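K.L.:
Sending over target-v9.cif (mmCIF, C-alpha atoms (C1' of nucleotides)).
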```
data_work
#
loop_
_atom_site.label_atom_id
_atom_site.label_comp_id
_atom_site.auth_asym_id
_atom_site.auth_seq_id
_atom_site.Cartn_x
_atom_site.Cartn_y
_atom_site.Cartn_z
CA MET J 1 0.00 0.00 0.00
CA THR J 2 1.35 3.40 -1.01
CA LYS J 3 1.74 6.55 1.03
CA PHE J 4 -0.92 8.23 -1.01
CA GLU J 5 -3.46 5.54 -0.23
CA GLN J 6 -2.61 5.56 3.43
CA LYS J 7 -3.22 9.26 3.67
CA VAL J 8 -6.55 8.94 1.94
CA LEU J 9 -7.72 6.16 4.21
CA LYS J 10 -6.54 7.97 7.27
CA PHE J 11 -8.51 11.05 6.40
CA CYS J 12 -11.51 8.87 5.74
CA ARG J 13 -11.50 7.58 9.24
CA LYS J 14 -11.56 11.11 10.61
CA ILE J 15 -14.95 11.79 9.13
CA PRO J 16 -17.51 11.64 11.93
CA GLN J 17 -20.60 9.53 11.61
CA GLY J 18 -23.49 11.43 10.14
CA LYS J 19 -21.19 13.61 8.07
CA VAL J 20 -19.79 13.29 4.58
CA SER J 21 -16.85 14.61 2.63
CA THR J 22 -15.98 14.78 -1.02
CA TYR J 23 -13.30 13.29 -3.21
CA LYS J 24 -12.07 16.75 -3.98
CA ILE J 25 -11.67 17.70 -0.36
CA LEU J 26 -9.89 14.47 0.28
CA ALA J 27 -7.56 15.21 -2.57
CA GLN J 28 -6.80 18.60 -1.09
CA ALA J 29 -6.29 17.05 2.31
CA VAL J 30 -3.59 14.77 0.96
CA GLY J 31 -1.91 17.61 -0.87
CA ARG J 32 -3.04 16.70 -4.38
CA PRO J 33 -5.86 19.17 -5.14
CA LYS J 34 -6.36 17.89 -8.65
CA ALA J 35 -6.19 14.20 -7.87
CA ALA J 36 -9.79 13.62 -6.91
CA ARG J 37 -10.01 10.77 -9.31
CA ALA J 38 -6.90 9.13 -8.02
CA VAL J 39 -8.44 9.38 -4.56
CA GLY J 40 -11.45 7.49 -5.74
CA ASN J 41 -9.14 4.90 -7.14
CA ALA J 42 -7.42 4.49 -3.83
CA LEU J 43 -10.70 4.01 -2.02
CA ASN J 44 -11.88 1.56 -4.60
CA LYS J 45 -8.71 -0.44 -4.41
CA ASN J 46 -8.73 -0.60 -0.65
CA LYS J 47 -11.77 -2.84 -0.51
CA MET J 48 -11.97 -2.82 3.27
CA PRO J 49 -15.23 -0.93 3.96
CA ILE J 50 -15.47 -2.25 7.50
CA LYS J 51 -12.41 -0.49 8.80
CA VAL J 52 -12.58 2.41 6.39
CA PRO J 53 -15.96 4.08 5.93
CA CYS J 54 -15.42 5.24 2.39
CA HIS J 55 -19.18 5.46 1.96
CA ARG J 56 -19.00 8.86 3.62
CA ILE J 57 -17.22 10.19 0.57
CA VAL J 58 -19.42 11.67 -2.10
CA LYS J 59 -18.99 13.74 -5.21
CA SER J 60 -18.41 17.47 -4.82
CA ASN J 61 -21.68 18.25 -6.56
CA GLY J 62 -23.68 16.31 -3.98
CA GLN J 63 -24.29 13.19 -5.97
CA VAL J 64 -23.66 9.92 -4.21
CA GLY J 65 -20.94 8.63 -6.46
CA GLY J 66 -19.74 5.10 -6.82
CA TYR J 67 -18.99 2.37 -4.36
CA VAL J 68 -17.35 -1.02 -4.41
CA LYS J 69 -20.50 -2.73 -3.19
CA GLY J 70 -22.70 -0.60 -5.42
CA GLN J 71 -24.26 2.83 -5.11
CA ASN J 72 -27.37 1.45 -3.55
CA SER J 73 -25.41 -0.12 -0.77
CA LYS J 74 -23.66 3.18 -0.21
CA ILE J 75 -26.94 5.05 0.03
CA LYS J 76 -28.25 2.59 2.56
CA LEU J 77 -25.20 3.04 4.74
CA LEU J 78 -25.53 6.80 4.59
CA ARG J 79 -29.23 6.68 5.41
CA ASN J 80 -28.30 4.44 8.25
CA GLU J 81 -26.20 7.28 9.60
CA LEU J 82 -29.19 9.59 9.54
CA ILE J 83 -28.09 11.33 6.36
CA LYS J 84 -31.04 12.24 4.20
CA ILE J 85 -30.71 11.67 0.52
CA LYS J 86 -33.24 13.07 -1.89
CA ASN J 87 -33.22 11.40 -5.25
CA GLY J 88 -29.56 10.44 -5.14
CA LEU J 89 -28.56 13.88 -3.92
CA ILE J 90 -27.00 14.77 -0.59
CA ASP J 91 -27.35 18.20 0.96
CA LEU J 92 -23.73 19.16 1.39
CA ASN J 93 -24.69 22.28 3.29
CA SER J 94 -25.94 20.12 6.11
CA TYR J 95 -23.56 17.21 6.13
CA LEU J 96 -20.30 18.27 4.61
CA TYR J 97 -17.16 17.91 6.64
CA PRO J 98 -14.94 19.96 7.09
CA ALA J 99 -17.43 22.42 5.57
CA PRO J 100 -15.47 24.87 3.35
CA GLU J 101 -16.87 28.34 2.82
CA LYS J 102 -17.96 27.85 -0.72
CA TYR J 103 -20.44 25.21 0.29
CA LYS J 104 -21.89 27.30 3.07
CA LYS J 105 -23.64 29.87 0.97
CA LEU J 106 -27.23 28.72 1.30
"C1'" DC T 1 -29.31 18.71 -19.08
"C1'" DC T 2 -25.46 16.93 -22.02
"C1'" DT T 3 -20.48 17.10 -23.99
"C1'" DG T 4 -15.71 17.44 -23.87
"C1'" DG T 5 -11.37 17.69 -21.89
"C1'" DG T 6 -8.17 17.85 -17.97
"C1'" DG T 7 -5.55 15.76 -14.33
"C1'" DC T 8 -3.54 11.92 -11.31
"C1'" DA T 9 -2.03 7.51 -8.94
"C1'" DG T 10 -2.03 2.47 -10.15
"C1'" DC T 11 -1.90 -1.35 -12.89
"C1'" DC T 12 -0.53 -4.03 -17.03
"C1'" DG T 13 1.86 -5.26 -21.06
"C1'" DA L 1 11.91 1.64 -16.66
"C1'" DC L 2 8.32 3.29 -20.35
"C1'" DG L 3 3.99 4.20 -22.40
"C1'" DG L 4 -0.84 3.60 -22.45
"C1'" DC L 5 -5.24 2.74 -20.29
"C1'" DT L 6 -8.40 3.03 -16.41
"C1'" DG L 7 -11.33 4.78 -12.78
"C1'" DC L 8 -16.10 5.60 -6.36
"C1'" DC L 9 -13.81 12.71 -10.39
"C1'" DC L 10 -14.20 17.95 -11.54
"C1'" DC L 11 -15.21 21.92 -14.12
"C1'" DA L 12 -16.18 24.83 -17.92
"C1'" DG L 13 -19.25 25.46 -22.04
#
```
Turn the structure described in the file into structure tokens.

P.N.:
Amino acid sequence: MTKFEQKVLKFCRKIPQGKVSTYKILAQAVGRPKAARAVGNALNKNKMPIKVPCHRIVKSNGQVGGYVKGQNSKIKLLRNELIKIKNGLIDLNSYLYPAPEKYKKL
DNA sequence: CCTGGGGCAGCCG
DNA sequence: ACGGCTGCCCCAG
């Protein structure tokens, strides 16, 4: 496992239950602002959803995004954490962590 | 709403 | 080591 992946997973674990983050934010957190896709790759490759709650990572536009066990599975997990999803969309204003300014203008 | 192109770590030949 | 392809993406038009 590479350094990059480790960083990604580590940040994942910091996300509190009931909150979500985005691939982009994760990318920024690991120092690779433009590597959102690579981040997704890392999460996908990890394949250890029990220890690493990668279901709390969604797209920056609020869509659910993909998941190893399927989007539907991901949605269930999120709902299970009291996160409301309307038609495949998550309200980032309410759930986003660490909540950057640009998402707070509601 | 849809289309196209960019950018990045990993994997494979 | 090298080049090309891929994928839980992002953003501008």

K.L.:
Quick one, how far is C1' of DT6 (chain L) from CA of Lys3 (chain J)?

P.N.:
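These two atoms are separated by 20.5 Å.
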
K.L.:
For Ile25 (chain J), which residue among J:Lys69, J:Lys86, J:Lys47, J:Arg37 is the nearest when counting all atoms listed in the file?

P.N.:
J:Arg37

K.L.:
Define the interface residues of chain J facing chain T as those within 7 Å, counting only C-alpha atoms (C1' of nucleotides), and report them as a PyMOL selection string.

P.N.:
chain J and resi 34-35+37-38

K.L.:
Output the contact residues of chain J with respect to chain L at a cut-off of 6 Å, based on all atoms listed in the file, as a list in words.

P.N.:
Ala36, Arg37, Gly40, Gly65, Gly66 and Tyr67 of chain J

K.L.:
What separation in Å, quoted to one decimal, exists between CA of Ile83 (chain J) and CA of Lys59 (chain J)?

P.N.:
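Atom-to-atom, CA of Ile83 (chain J) to CA of Lys59 (chain J), that is 14.9 Å.
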
K.L.:
State, in Å with one decimal place, the distance from CA of Ala27 (chain J) to CA of Phe4 (chain J).

P.N.:
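Taking CA of Ala27 (chain J) as the start and CA of Phe4 (chain J) as the end point, the length is 9.8 Å.
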
K.L.:
Could you tell me which residues the PyMOL selection byres ((chain J and resi 95) around 10) grabs in this file, written as a ChimeraX atom specification?

P.N.:
/J:17-21,56,83-84,90-94,96-99
